[in-house]
file query.txt (compact mmCIF, C-alpha atoms and all ligand atoms)
# COMPACT_ATOMS: atom_id res chain seq x y z
CA MET A 14 0.00 0.00 0.00
CA LEU A 15 1.06 3.55 -0.71
CA GLU A 16 1.88 5.30 2.60
CA GLY A 17 2.18 8.95 3.47
CA VAL A 18 0.43 10.49 0.50
CA GLU A 19 -2.59 12.77 0.47
CA SER A 20 -6.06 11.78 -0.73
CA VAL A 21 -8.65 13.24 -3.07
CA THR A 22 -12.27 12.23 -3.37
CA ALA A 23 -14.42 12.19 -6.48
CA ARG A 24 -17.81 13.88 -6.23
CA PRO A 25 -20.76 11.49 -5.98
CA GLY A 26 -21.29 9.79 -9.35
CA LYS A 27 -17.93 10.89 -10.77
CA ASP A 28 -16.25 7.75 -9.45
CA LYS A 29 -17.91 5.88 -12.36
CA LYS A 30 -15.57 7.60 -14.80
CA VAL A 31 -12.55 6.33 -12.92
CA ARG A 32 -13.98 2.84 -12.40
CA ASN A 33 -14.34 2.71 -16.17
CA PHE A 34 -10.60 3.48 -16.56
CA TYR A 35 -10.94 7.13 -17.59
CA PRO A 36 -7.63 8.61 -16.42
CA GLY A 37 -8.66 12.09 -15.31
CA LEU A 38 -11.12 14.26 -13.38
CA PHE A 39 -11.72 18.01 -13.69
CA ALA A 40 -11.54 20.25 -10.62
CA ASP A 41 -15.34 20.50 -10.42
CA GLU A 42 -15.58 16.69 -10.34
CA LEU A 43 -13.55 16.50 -7.14
CA GLY A 44 -14.81 16.68 -3.54
CA SER A 45 -12.04 17.06 -1.00
CA THR A 46 -8.58 17.92 -2.29
CA PRO A 47 -5.17 18.48 -0.68
CA GLU A 48 -3.66 21.93 -0.29
CA ARG A 49 -0.64 21.30 -2.46
CA PRO A 50 -0.05 19.52 -5.81
CA GLY A 51 1.36 16.01 -5.55
CA VAL A 52 0.78 12.29 -5.81
CA VAL A 53 -2.58 11.32 -4.32
CA ARG A 54 -4.71 8.28 -3.60
CA VAL A 55 -8.14 8.64 -5.15
CA PHE A 56 -11.38 7.64 -3.39
CA SER A 57 -15.08 7.71 -4.16
CA ALA A 58 -17.41 9.89 -2.06
CA GLN A 59 -18.01 6.71 0.00
CA MET A 60 -14.25 6.37 0.53
CA GLU A 61 -13.81 3.33 -1.71
CA PHE A 62 -10.34 3.19 -3.23
CA LEU A 63 -10.23 4.04 -6.95
CA GLY A 64 -6.60 4.61 -7.93
CA VAL A 65 -3.44 6.64 -7.64
CA GLY A 66 -2.83 9.87 -9.51
CA TYR A 67 -1.31 13.30 -9.51
CA TYR A 68 -3.29 16.30 -8.35
CA ASP A 69 -2.52 19.82 -9.50
CA PRO A 70 -5.33 22.40 -9.59
CA ARG A 71 -3.38 24.52 -12.12
CA SER A 72 -3.73 21.76 -14.70
CA ARG A 73 -6.64 21.72 -17.16
CA VAL A 74 -7.48 18.29 -15.76
CA ALA A 75 -6.81 18.72 -12.04
CA LEU A 76 -6.44 15.01 -11.34
CA ARG A 77 -4.57 12.66 -13.69
CA ILE A 78 -4.84 9.00 -12.79
CA TYR A 79 -1.93 6.68 -13.50
CA ARG A 80 -2.89 3.44 -11.84
CA PHE A 81 -6.12 1.80 -10.79
CA GLU A 82 -4.61 -0.34 -8.04
CA ASP A 83 -2.66 0.89 -5.04
CA GLY A 84 1.08 1.57 -5.25
CA PRO A 85 3.69 4.26 -5.86
CA LEU A 86 4.36 6.20 -9.09
CA ASP A 87 8.02 5.33 -8.96
CA ARG A 88 10.68 4.12 -11.35
CA GLN A 89 9.53 0.49 -11.05
CA PHE A 90 5.98 1.48 -11.95
CA PHE A 91 7.11 3.38 -15.06
CA LEU A 92 9.43 0.51 -16.02
CA ARG A 93 6.42 -1.82 -16.14
CA ARG A 94 4.41 0.69 -18.19
CA PHE A 95 7.25 1.12 -20.70
CA ALA A 96 7.82 -2.65 -20.90
CA ARG A 97 4.12 -3.10 -21.71
CA ALA A 98 4.27 -0.33 -24.33
CA ARG A 99 7.32 -1.97 -25.94
CA LYS A 100 5.64 -5.37 -26.01
CA LYS A 101 2.67 -3.93 -27.93
CA ARG A 102 5.08 -2.62 -30.61
CA ALA A 103 7.36 -5.67 -30.72
CA ARG A 104 6.62 -6.35 -34.39
CA LEU A 105 6.82 -2.77 -35.60
CA GLY A 106 10.55 -2.37 -36.20
CA GLU A 107 12.57 0.58 -34.95
CA PHE A 108 10.46 3.53 -36.11
CA HIS A 109 7.17 3.88 -34.28
CA ARG A 110 5.30 5.68 -31.54
CA LEU A 111 6.46 3.95 -28.37
CA VAL A 112 4.18 5.76 -25.90
CA HIS A 113 0.83 7.27 -26.82
CA ALA A 114 -0.13 9.05 -23.58
CA GLU A 115 -3.43 7.93 -21.99
CA ALA A 116 -3.85 5.05 -24.41
CA ASP A 117 -0.67 3.53 -22.94
CA GLY A 118 -1.63 4.38 -19.35
CA LEU A 119 0.72 7.40 -19.30
CA PRO A 120 -1.38 10.59 -19.57
CA GLY A 121 0.76 13.50 -20.76
CA LEU A 122 3.69 11.54 -22.22
CA VAL A 123 4.37 10.90 -25.89
CA VAL A 124 7.49 9.07 -27.06
CA ASP A 125 8.39 8.45 -30.69
CA ARG A 126 11.17 6.03 -31.53
CA PHE A 127 13.44 6.81 -34.46
CA GLY A 128 16.03 4.01 -34.35
CA GLY A 129 18.36 4.80 -31.46
CA VAL A 130 16.84 8.23 -30.81
CA LEU A 131 13.70 8.84 -28.78
CA VAL A 132 11.80 12.11 -29.12
CA VAL A 133 9.56 12.89 -26.16
CA GLN A 134 6.79 15.38 -25.47
CA VAL A 135 5.73 16.13 -21.90
CA ARG A 136 2.27 17.58 -22.16
CA ASN A 137 0.96 18.05 -18.62
CA ARG A 138 1.98 19.12 -15.14
CA ALA A 139 1.75 15.62 -13.71
CA MET A 140 4.31 14.15 -16.10
CA GLU A 141 6.48 17.23 -15.66
CA ALA A 142 6.47 16.68 -11.89
CA LEU A 143 7.14 12.93 -12.24
CA ARG A 144 10.12 13.40 -14.58
CA GLU A 145 12.65 12.05 -12.05
CA SER A 146 10.79 8.74 -11.98
CA TRP A 147 9.87 8.16 -15.64
CA LEU A 148 13.02 9.42 -17.36
CA PRO A 149 15.44 6.86 -15.82
CA ALA A 150 12.82 4.15 -16.37
CA LEU A 151 12.53 5.11 -20.05
CA VAL A 152 16.31 4.95 -20.44
CA GLU A 153 16.39 1.53 -18.76
CA ALA A 154 13.44 0.09 -20.69
CA ALA A 155 14.22 1.39 -24.18
CA THR A 156 18.06 1.64 -24.01
CA PRO A 157 18.22 4.56 -26.49
CA ASP A 158 21.44 6.22 -27.66
CA GLY A 159 19.82 9.55 -26.92
CA ILE A 160 16.57 11.27 -25.97
CA TYR A 161 15.46 14.62 -27.36
CA GLU A 162 12.63 16.65 -25.84
CA ARG A 163 10.18 18.63 -27.97
CA SER A 164 7.83 19.98 -25.29
CA ASP A 165 6.73 23.07 -27.19
CA MET A 166 3.12 22.25 -28.02
CA ASP A 167 -0.04 24.26 -27.28
CA SER A 168 -1.29 21.90 -24.58
CA ARG A 169 1.82 22.67 -22.59
CA ARG A 170 1.19 26.40 -22.76
CA GLN A 171 -2.38 25.77 -21.60
CA GLU A 172 -0.95 23.98 -18.57
CA GLY A 173 1.12 27.09 -17.84
CA LEU A 174 4.36 25.18 -18.40
CA PRO A 175 7.42 26.68 -20.14
CA GLU A 176 8.73 25.20 -23.39
CA ARG A 177 11.47 22.59 -23.03
CA VAL A 178 13.38 21.72 -26.16
CA GLY A 179 16.76 20.00 -26.28
CA VAL A 180 18.78 16.91 -25.50
CA LEU A 181 17.55 15.10 -22.37
CA TYR A 182 19.88 12.15 -22.40
CA GLY A 183 22.86 10.69 -24.26
CA GLU A 184 23.85 11.48 -27.83
CA VAL A 185 21.37 13.02 -30.23
CA PRO A 186 22.59 13.95 -33.71
CA PRO A 187 21.25 17.29 -35.00
CA VAL A 188 19.67 15.51 -37.96
CA LEU A 189 17.10 12.84 -37.25
CA GLU A 190 17.26 9.92 -39.65
CA VAL A 191 13.85 8.41 -40.30
CA HIS A 192 13.47 5.16 -42.24
CA GLU A 193 10.18 4.02 -43.70
CA ASP A 194 9.97 1.11 -46.10
CA GLY A 195 13.21 2.05 -47.83
CA LEU A 196 12.68 5.81 -47.79
CA VAL A 197 15.25 7.62 -45.65
CA PHE A 198 14.54 11.16 -44.48
CA GLN A 199 17.15 13.38 -42.85
CA ILE A 200 15.18 15.85 -40.76
CA PRO A 201 16.89 18.63 -38.75
CA ILE A 202 15.45 17.86 -35.35
CA ALA A 203 15.25 21.38 -33.96
CA LEU A 204 13.37 22.74 -37.00
CA ALA A 205 11.00 19.82 -37.47
CA GLN A 206 7.28 19.82 -36.67
CA LYS A 207 6.03 18.00 -33.56
CA THR A 208 8.34 15.06 -32.78
CA GLY A 209 9.92 15.23 -36.26
CA TYR A 210 7.88 12.94 -38.46
CA TYR A 211 4.23 11.86 -38.84
CA LEU A 212 4.56 8.18 -38.04
CA ASP A 213 0.78 7.82 -37.84
CA GLN A 214 0.19 7.93 -41.62
CA ARG A 215 2.55 5.04 -42.40
CA GLU A 216 -0.19 2.54 -43.21
CA ASN A 217 -2.10 4.93 -45.46
CA ARG A 218 1.15 5.68 -47.27
CA ARG A 219 1.73 1.96 -47.81
CA LEU A 220 -1.77 1.64 -49.21
CA LEU A 221 -1.28 4.59 -51.55
CA GLU A 222 1.91 3.03 -52.86
CA GLN A 223 0.06 -0.23 -53.53
CA MET A 224 -2.76 1.54 -55.35
CA VAL A 225 -0.83 4.02 -57.49
CA GLU A 226 0.06 3.02 -61.02
CA PRO A 227 2.96 4.24 -63.18
CA GLY A 228 2.05 7.32 -65.16
CA GLN A 229 -0.74 8.40 -62.80
CA ARG A 230 -0.82 11.87 -61.23
CA VAL A 231 -0.83 12.32 -57.43
CA LEU A 232 -1.50 15.59 -55.60
CA ASP A 233 -0.18 15.51 -52.00
CA VAL A 234 -1.64 18.53 -50.19
CA TYR A 235 -0.26 19.23 -46.68
CA SER A 236 2.67 17.02 -47.62
CA TYR A 237 5.16 17.84 -44.84
CA VAL A 238 8.35 16.01 -46.01
CA GLY A 239 6.40 14.38 -48.85
CA ALA A 240 6.25 10.82 -47.58
CA PHE A 241 3.08 10.18 -49.64
CA ALA A 242 4.43 11.96 -52.73
CA LEU A 243 7.77 10.12 -52.66
CA ARG A 244 6.05 6.74 -52.52
CA ALA A 245 3.93 7.73 -55.51
CA ALA A 246 7.03 8.87 -57.40
CA ARG A 247 8.73 5.60 -56.52
CA LYS A 248 5.86 3.79 -58.26
CA GLY A 249 6.47 5.81 -61.41
CA ALA A 250 3.70 8.37 -60.88
CA TYR A 251 3.93 12.13 -61.33
CA ALA A 252 3.71 13.67 -57.82
CA LEU A 253 3.06 17.26 -56.79
CA ALA A 254 3.54 18.16 -53.10
CA VAL A 255 2.05 21.26 -51.46
CA ASP A 256 2.93 22.60 -48.00
CA LYS A 257 3.60 25.93 -46.37
CA ASP A 258 6.64 24.69 -44.40
CA LEU A 259 9.82 25.53 -46.31
CA GLU A 260 12.04 23.44 -44.03
CA ALA A 261 9.91 20.35 -44.63
CA LEU A 262 9.89 20.96 -48.38
CA GLY A 263 13.68 21.29 -48.27
CA VAL A 264 13.85 17.83 -46.69
CA LEU A 265 11.52 16.53 -49.41
CA ASP A 266 13.67 18.01 -52.15
CA ARG A 267 16.89 16.56 -50.74
CA THR A 268 15.29 13.14 -50.12
CA ALA A 269 13.99 13.01 -53.69
CA SER A 270 17.42 13.91 -55.11
CA ARG A 271 19.16 11.29 -53.00
CA LEU A 272 16.72 8.62 -54.19
CA GLY A 273 16.81 9.81 -57.79
CA LEU A 274 13.07 10.54 -57.72
CA ARG A 275 11.19 13.53 -59.06
CA VAL A 276 8.53 15.32 -57.00
CA ASP A 277 7.27 18.76 -57.97
CA ILE A 278 6.85 21.14 -55.07
CA ARG A 279 4.60 24.16 -54.47
CA GLN A 280 5.22 26.12 -51.31
CA GLY A 281 2.28 28.12 -50.00
CA ASP A 282 -1.15 28.09 -48.44
CA ALA A 283 -3.07 24.98 -49.47
CA LEU A 284 -6.24 26.86 -50.35
CA ALA A 285 -4.39 29.38 -52.51
CA VAL A 286 -2.35 26.69 -54.30
CA LEU A 287 -5.44 24.56 -54.98
CA GLY A 288 -7.19 27.66 -56.36
CA SER A 289 -4.32 28.46 -58.69
CA LEU A 290 -4.07 24.83 -59.85
CA THR A 291 -7.75 24.79 -60.83
CA GLN A 292 -7.23 27.98 -62.84
CA SER A 293 -4.12 26.78 -64.61
CA LYS A 294 -5.99 23.97 -66.39
CA THR A 295 -3.57 21.39 -65.06
CA PRO A 296 -4.54 17.81 -66.08
CA PRO A 297 -6.63 15.89 -63.53
CA PHE A 298 -5.09 13.81 -60.73
CA GLN A 299 -5.92 10.17 -60.06
CA HIS A 300 -5.17 10.61 -56.33
CA VAL A 301 -5.73 13.79 -54.32
CA LEU A 302 -4.64 13.73 -50.66
CA LEU A 303 -5.67 16.29 -48.05
CA ASP A 304 -3.94 15.78 -44.69
CA PRO A 305 -4.37 19.10 -42.86
CA PRO A 306 -2.95 19.94 -39.41
CA THR A 307 -5.14 19.81 -36.27
CA LEU A 308 -7.59 22.46 -37.40
CA VAL A 309 -10.00 22.20 -34.47
CA LYS A 310 -8.90 22.27 -30.85
CA LYS A 311 -12.26 23.30 -29.33
CA PRO A 312 -15.80 22.32 -30.36
CA ASP A 313 -16.84 25.94 -30.99
CA GLU A 314 -14.27 26.14 -33.81
CA LEU A 315 -16.05 23.39 -35.77
CA PRO A 316 -18.42 25.50 -37.94
CA ARG A 317 -15.54 27.68 -39.21
CA VAL A 318 -13.33 24.68 -39.89
CA LYS A 319 -16.10 22.83 -41.71
CA ARG A 320 -16.51 25.84 -44.01
CA LEU A 321 -12.75 25.86 -44.63
CA LEU A 322 -12.83 22.17 -45.49
CA VAL A 323 -15.67 22.66 -47.96
CA ASP A 324 -13.63 25.46 -49.54
CA LEU A 325 -10.64 23.13 -49.81
CA LEU A 326 -12.63 20.19 -51.08
CA ARG A 327 -14.28 22.10 -53.93
CA PRO A 328 -11.05 22.75 -55.87
CA ALA A 329 -9.73 19.34 -54.77
CA LEU A 330 -12.73 17.70 -56.43
CA ARG A 331 -12.34 19.86 -59.52
CA LEU A 332 -8.78 18.52 -59.81
CA LEU A 333 -9.84 14.90 -59.24
CA ASP A 334 -10.10 12.66 -62.28
CA VAL A 335 -13.16 10.58 -63.12
CA GLU A 336 -12.86 7.42 -60.99
CA GLY A 337 -10.05 9.15 -59.07
CA TRP A 338 -9.37 8.69 -55.35
CA LEU A 339 -9.75 11.39 -52.69
CA TRP A 340 -7.96 10.81 -49.37
CA LEU A 341 -9.29 13.11 -46.63
CA SER A 342 -7.70 12.95 -43.19
CA SER A 343 -8.40 14.63 -39.88
CA CYS A 344 -6.08 14.42 -36.89
CA ALA A 345 -8.44 16.54 -34.78
CA TYR A 346 -10.53 14.69 -32.20
CA TYR A 347 -13.47 17.07 -32.73
CA LEU A 348 -13.42 16.62 -36.49
CA GLY A 349 -14.72 13.08 -36.71
CA VAL A 350 -15.77 10.79 -39.53
CA ASN A 351 -19.30 12.23 -39.63
CA GLU A 352 -17.94 15.74 -40.09
CA LEU A 353 -15.58 14.55 -42.85
CA LEU A 354 -18.49 12.88 -44.64
CA GLU A 355 -20.67 15.95 -44.22
CA VAL A 356 -18.14 18.44 -45.61
CA THR A 357 -17.33 16.17 -48.54
CA ARG A 358 -21.04 15.75 -49.31
CA ARG A 359 -21.46 19.54 -49.27
CA ALA A 360 -18.49 20.11 -51.57
CA ALA A 361 -19.55 17.27 -53.90
CA ALA A 362 -23.02 18.81 -54.16
CA ASP A 363 -21.48 22.17 -55.11
CA GLU A 364 -19.30 20.52 -57.74
CA GLY A 365 -21.92 18.09 -59.04
CA ARG A 366 -19.74 15.08 -58.23
CA ARG A 367 -20.90 11.65 -57.11
CA LEU A 368 -18.58 9.79 -54.71
CA ARG A 369 -18.55 6.51 -52.87
CA VAL A 370 -16.85 5.80 -49.56
CA HIS A 371 -14.29 3.09 -50.24
CA ALA A 372 -12.74 2.79 -46.77
CA ILE A 373 -12.29 4.54 -43.44
CA HIS A 374 -9.02 4.16 -41.56
CA TYR A 375 -8.13 5.07 -37.98
CA ASN A 376 -4.93 5.60 -36.00
CA PRO A 377 -2.57 2.62 -36.40
CA PRO A 378 -1.73 0.21 -33.53
CA ASP A 379 1.34 2.11 -32.34
CA HIS A 380 -1.01 5.05 -31.70
CA PRO A 381 -3.48 2.93 -29.72
CA TRP A 382 -7.16 3.75 -29.44
CA SER A 383 -8.35 2.98 -25.92
CA LEU A 384 -12.03 2.19 -25.62
CA HIS A 385 -12.04 4.07 -22.31
CA VAL A 386 -10.46 7.26 -23.61
CA PRO A 387 -12.54 8.57 -26.52
CA GLU A 388 -9.96 11.30 -27.26
CA SER A 389 -7.42 8.61 -28.16
CA LEU A 390 -9.23 8.10 -31.47
CA TYR A 391 -7.85 11.13 -33.25
CA LEU A 392 -6.78 10.17 -36.77
CA LYS A 393 -9.43 9.40 -39.36
CA THR A 394 -8.85 8.99 -43.07
CA VAL A 395 -11.78 8.61 -45.43
CA LEU A 396 -10.88 7.22 -48.82
CA PHE A 397 -13.46 8.22 -51.44
CA GLN A 398 -13.62 7.26 -55.08
CA ASP A 399 -15.29 9.31 -57.74
CA ASP A 400 -18.31 7.25 -58.72
CA SER A 401 -19.62 8.96 -61.82
CA LEU A 402 -22.51 7.11 -63.45
C1 LIG B 501 -0.57 16.49 -40.53
S1 LIG B 501 0.76 17.29 -41.29
C2 LIG B 501 0.90 16.42 -42.81
C3 LIG B 501 1.66 15.13 -42.72
C4 LIG B 501 2.05 14.54 -44.05
N1 LIG B 501 0.92 14.30 -44.89
C5 LIG B 501 2.85 13.27 -43.86
O1 LIG B 501 2.39 12.19 -44.30
O2 LIG B 501 3.93 13.33 -43.27
C6 LIG B 501 0.08 18.82 -41.80
C7 LIG B 501 0.96 19.68 -42.69
O3 LIG B 501 0.18 20.82 -43.10
C8 LIG B 501 1.06 21.92 -43.27
N2 LIG B 501 0.23 23.14 -43.26
C9 LIG B 501 -0.39 23.70 -42.20
N3 LIG B 501 -1.14 24.75 -42.60
C10 LIG B 501 -0.99 24.84 -43.95
C11 LIG B 501 -1.54 25.70 -44.94
N4 LIG B 501 -2.40 26.68 -44.62
N5 LIG B 501 -1.19 25.48 -46.22
C12 LIG B 501 -0.32 24.50 -46.56
N6 LIG B 501 0.22 23.66 -45.65
C13 LIG B 501 -0.11 23.82 -44.37
C14 LIG B 501 2.05 21.78 -42.16
O4 LIG B 501 3.25 22.46 -42.49
C15 LIG B 501 2.20 20.25 -42.08
O5 LIG B 501 3.32 19.84 -42.84
call {"tool": "encode", "arguments": {"input": "query.txt", "output": "structure tokens"}}
result
Amino acid sequence: MLEGVESVTARPGKDKKVRNFYPGLFADELGSTPERPGVVRVFSAQMEFLGVGYYDPRSRVALRIYRFEDGPLDRQFFLRRFARARKKRARLGEFHRLVHAEADGLPGLVVDRFGGVLVVQVRNRAMEALRESWLPALVEAATPDGIYERSDMDSRRQEGLPERVGVLYGEVPPVLEVHEDGLVFQIPIALAQKTGYYLDQRENRRLLEQMVEPGQRVLDVYSYVGAFALRAARKGAYALAVDKDLEALGVLDRTASRLGLRVDIRQGDALAVLGSLTQSKTPPFQHVLLDPPTLVKKPDELPRVKRLLVDLLRPALRLLDVEGWLWLSSCAYYLGVNELLEVTRRAAADEGRRLRVHAIHYNPPDHPWSLHVPESLYLKTVLFQDDSL
């Protein structure tokens, strides 16, 4: 049993959330609370034991729960969590998400593995406070050459935490080398987006490469380092990549040269580039991919973002060939499959296009989707095909 720690109680009825393995409670869901932030044992209003967590009223979610049985949040505990996370990814090679926060029982911690280098994000106050316990456990469990921290995301600012970016442990080369099915990207770690590379689209990229045929045309909008476009080019297709991030496009350009592949690049705002492509009478594309950033972070932003998506989809459909494929992704929790279907239906109506839904894909297994944490389903990709009669 865990001795000498404070307790919190859940308000009547709120214990159900915790009993159903939801790993957090808001301040207004708590009854009695300690005076200071720290590790706490969690009880129902009837004083039944529920779990062990970290309480900090300055956090958006005042109580984060890390275990549902009694015991300390020490190095041994984190070692077991990391060992479990590793086991789940045992067949995924050396480039994957190793820890996906709540869905791996570690709210606030994200770890991506790029060969010998781990890139971590610490997203909440609890994980920040528990650093001395989880960091040595991560080193012991994953035996990396080096660990780099990229804790500079919005959620961290919302927690009132300062940015932390830099080497946390061992040797980290300034250029991250990312391997994916024979593609090798060299990404300057300090200038990269998020943890450096979007590992979560790997399976969709594999599928695109299977589907594309030599001589086809592929439009990769929101391309980042062009991992979709390069696979298309490798299959002998013409690929055009669009992104606003010059650094990422530089990586794309250098990767293409090294591999002897050709990818055309347009730097700029996606909406503006799509508009100019429709006006320039460019030939139609057999695959059009739209993989925008997290456009919606709060539900009240949805109406505006849906209008933006309709505006993007209209030119995208105009550029799509008869029987062509449209890949529409959302990495925003609030922008779900229903919203993606709705905006595409609206744009298709405006353009007089008939589409069928071929498939819907979700985050891959190294970005687990926990039944108990609805927010852990974040990535949706709807694959449509033009279905002209
Ligand atoms: C989710 S990432 C795309 C990941 C990419 N498809 C891949 O497979 O690696 C979103 C990308 O959108 C780009 N972006 C954000 N806003 C943009 C805009 N208004 N116009 C063009 N690109 C934008 C970002 O630079 C980022 O590379």
call {"tool": "residues_near_ligand", "arguments": {"input": "query.txt", "ligand": "ligand LIG 501 (chain B)", "cutoff": "10 Å", "atoms": "all atoms listed in the file", "output": "ChimeraX atom specification"}}
result
/A:205-207,209-215,217-218,233-242,254-262,279-287,302-308,342-345,392
call {"tool": "write_last_selection", "arguments": {"input": "query.txt", "atoms": "C-alpha atoms", "output": "mmCIF file, in the coordinates of the input"}}
result
data_model
loop_
_atom_site.group_PDB
_atom_site.id
_atom_site.type_symbol
_atom_site.label_atom_id
_atom_site.label_comp_id
_atom_site.auth_asym_id
_atom_site.auth_seq_id
_atom_site.Cartn_x
_atom_site.Cartn_y
_atom_site.Cartn_z
ATOM 1 C CA ALA A 205 11.000 19.820 -37.470
ATOM 2 C CA GLN A 206 7.280 19.820 -36.670
ATOM 3 C CA LYS A 207 6.030 18.000 -33.560
ATOM 4 C CA GLY A 209 9.920 15.230 -36.260
ATOM 5 C CA TYR A 210 7.880 12.940 -38.460
ATOM 6 C CA TYR A 211 4.230 11.860 -38.840
ATOM 7 C CA LEU A 212 4.560 8.180 -38.040
ATOM 8 C CA ASP A 213 0.780 7.820 -37.840
ATOM 9 C CA GLN A 214 0.190 7.930 -41.620
ATOM 10 C CA ARG A 215 2.550 5.040 -42.400
ATOM 11 C CA ASN A 217 -2.100 4.930 -45.460
ATOM 12 C CA ARG A 218 1.150 5.680 -47.270
ATOM 13 C CA ASP A 233 -0.180 15.510 -52.000
ATOM 14 C CA VAL A 234 -1.640 18.530 -50.190
ATOM 15 C CA TYR A 235 -0.260 19.230 -46.680
ATOM 16 C CA SER A 236 2.670 17.020 -47.620
ATOM 17 C CA TYR A 237 5.160 17.840 -44.840
ATOM 18 C CA VAL A 238 8.350 16.010 -46.010
ATOM 19 C CA GLY A 239 6.400 14.380 -48.850
ATOM 20 C CA ALA A 240 6.250 10.820 -47.580
ATOM 21 C CA PHE A 241 3.080 10.180 -49.640
ATOM 22 C CA ALA A 242 4.430 11.960 -52.730
ATOM 23 C CA ALA A 254 3.540 18.160 -53.100
ATOM 24 C CA VAL A 255 2.050 21.260 -51.460
ATOM 25 C CA ASP A 256 2.930 22.600 -48.000
ATOM 26 C CA LYS A 257 3.600 25.930 -46.370
ATOM 27 C CA ASP A 258 6.640 24.690 -44.400
ATOM 28 C CA LEU A 259 9.820 25.530 -46.310
ATOM 29 C CA GLU A 260 12.040 23.440 -44.030
ATOM 30 C CA ALA A 261 9.910 20.350 -44.630
ATOM 31 C CA LEU A 262 9.890 20.960 -48.380
ATOM 32 C CA ARG A 279 4.600 24.160 -54.470
ATOM 33 C CA GLN A 280 5.220 26.120 -51.310
ATOM 34 C CA GLY A 281 2.280 28.120 -50.000
ATOM 35 C CA ASP A 282 -1.150 28.090 -48.440
ATOM 36 C CA ALA A 283 -3.070 24.980 -49.470
ATOM 37 C CA LEU A 284 -6.240 26.860 -50.350
ATOM 38 C CA ALA A 285 -4.390 29.380 -52.510
ATOM 39 C CA VAL A 286 -2.350 26.690 -54.300
ATOM 40 C CA LEU A 287 -5.440 24.560 -54.980
ATOM 41 C CA LEU A 302 -4.640 13.730 -50.660
ATOM 42 C CA LEU A 303 -5.670 16.290 -48.050
ATOM 43 C CA ASP A 304 -3.940 15.780 -44.690
ATOM 44 C CA PRO A 305 -4.370 19.100 -42.860
ATOM 45 C CA PRO A 306 -2.950 19.940 -39.410
ATOM 46 C CA THR A 307 -5.140 19.810 -36.270
ATOM 47 C CA LEU A 308 -7.590 22.460 -37.400
ATOM 48 C CA SER A 342 -7.700 12.950 -43.190
ATOM 49 C CA SER A 343 -8.400 14.630 -39.880
ATOM 50 C CA CYS A 344 -6.080 14.420 -36.890
ATOM 51 C CA ALA A 345 -8.440 16.540 -34.780
ATOM 52 C CA LEU A 392 -6.780 10.170 -36.770
#
call {"tool": "axis_aligned_box", "arguments": {"input": "query.txt", "around": "range 29-45 of chain A", "padding_each_side": "4 Å", "output": "JSON"}}
result
{"center_x": -12.8, "center_y": 11.6, "center_z": -9.3, "size_x": 18.3, "size_y": 25.8, "size_z": 24.6}
call {"tool": "atom_distance", "arguments": {"input": "query.txt", "atom1": "CA of Val112 in chain A", "atom2": "CA of Arg97 in chain A"}}
result
9.8 Å
call {"tool": "residues_around", "arguments": {"input": "query.txt", "residues": "Asp125 in chain A", "least_positions_apart": "6", "cutoff": "7 Å", "atoms": "all atoms listed in the file", "output": "list in words"}}
result
His109, Arg110, Leu111, Val112, Leu131, Val132, Val133 and Thr208 of chain A
call {"tool": "residues_around", "arguments": {"input": "query.txt", "residues": "Leu243 in chain A", "least_positions_apart": "2", "cutoff": "10 Å", "atoms": "all atoms listed in the file", "output": "PyMOL selection string"}}
result
chain A and resi 196+218+222+233+236+238-241+245-254+265-266+268-269+272+274-276
call {"tool": "residues_around", "arguments": {"input": "query.txt", "residues": "Gly121 in chain A", "least_positions_apart": "2", "cutoff": "8 Å", "atoms": "only C-alpha atoms", "output": "ChimeraX atom specification"}}
result
/A:114-115,119,123,134-137,139-140
call {"tool": "write_last_selection", "arguments": {"input": "query.txt", "atoms": "C-alpha atoms", "output": "PDB file, keeping the file's coordinate frame"}}
result
ATOM      1  CA  ALA A 114      -0.130   9.050 -23.580  1.00  0.00           C
ATOM      2  CA  GLU A 115      -3.430   7.930 -21.990  1.00  0.00           C
ATOM      3  CA  LEU A 119       0.720   7.400 -19.300  1.00  0.00           C
ATOM      4  CA  VAL A 123       4.370  10.900 -25.890  1.00  0.00           C
ATOM      5  CA  GLN A 134       6.790  15.380 -25.470  1.00  0.00           C
ATOM      6  CA  VAL A 135       5.730  16.130 -21.900  1.00  0.00           C
ATOM      7  CA  ARG A 136       2.270  17.580 -22.160  1.00  0.00           C
ATOM      8  CA  ASN A 137       0.960  18.050 -18.620  1.00  0.00           C
ATOM      9  CA  ALA A 139       1.750  15.620 -13.710  1.00  0.00           C
ATOM     10  CA  MET A 140       4.310  14.150 -16.100  1.00  0.00           C
TER      11      MET A 140
END
call {"tool": "closest_residue", "arguments": {"input": "query.txt", "among": "A:Thr156, A:Thr22, A:Ser72, A:Asn33", "to": "Gln59 in chain A", "atoms": "all atoms listed in the file"}}
result
A:Thr22
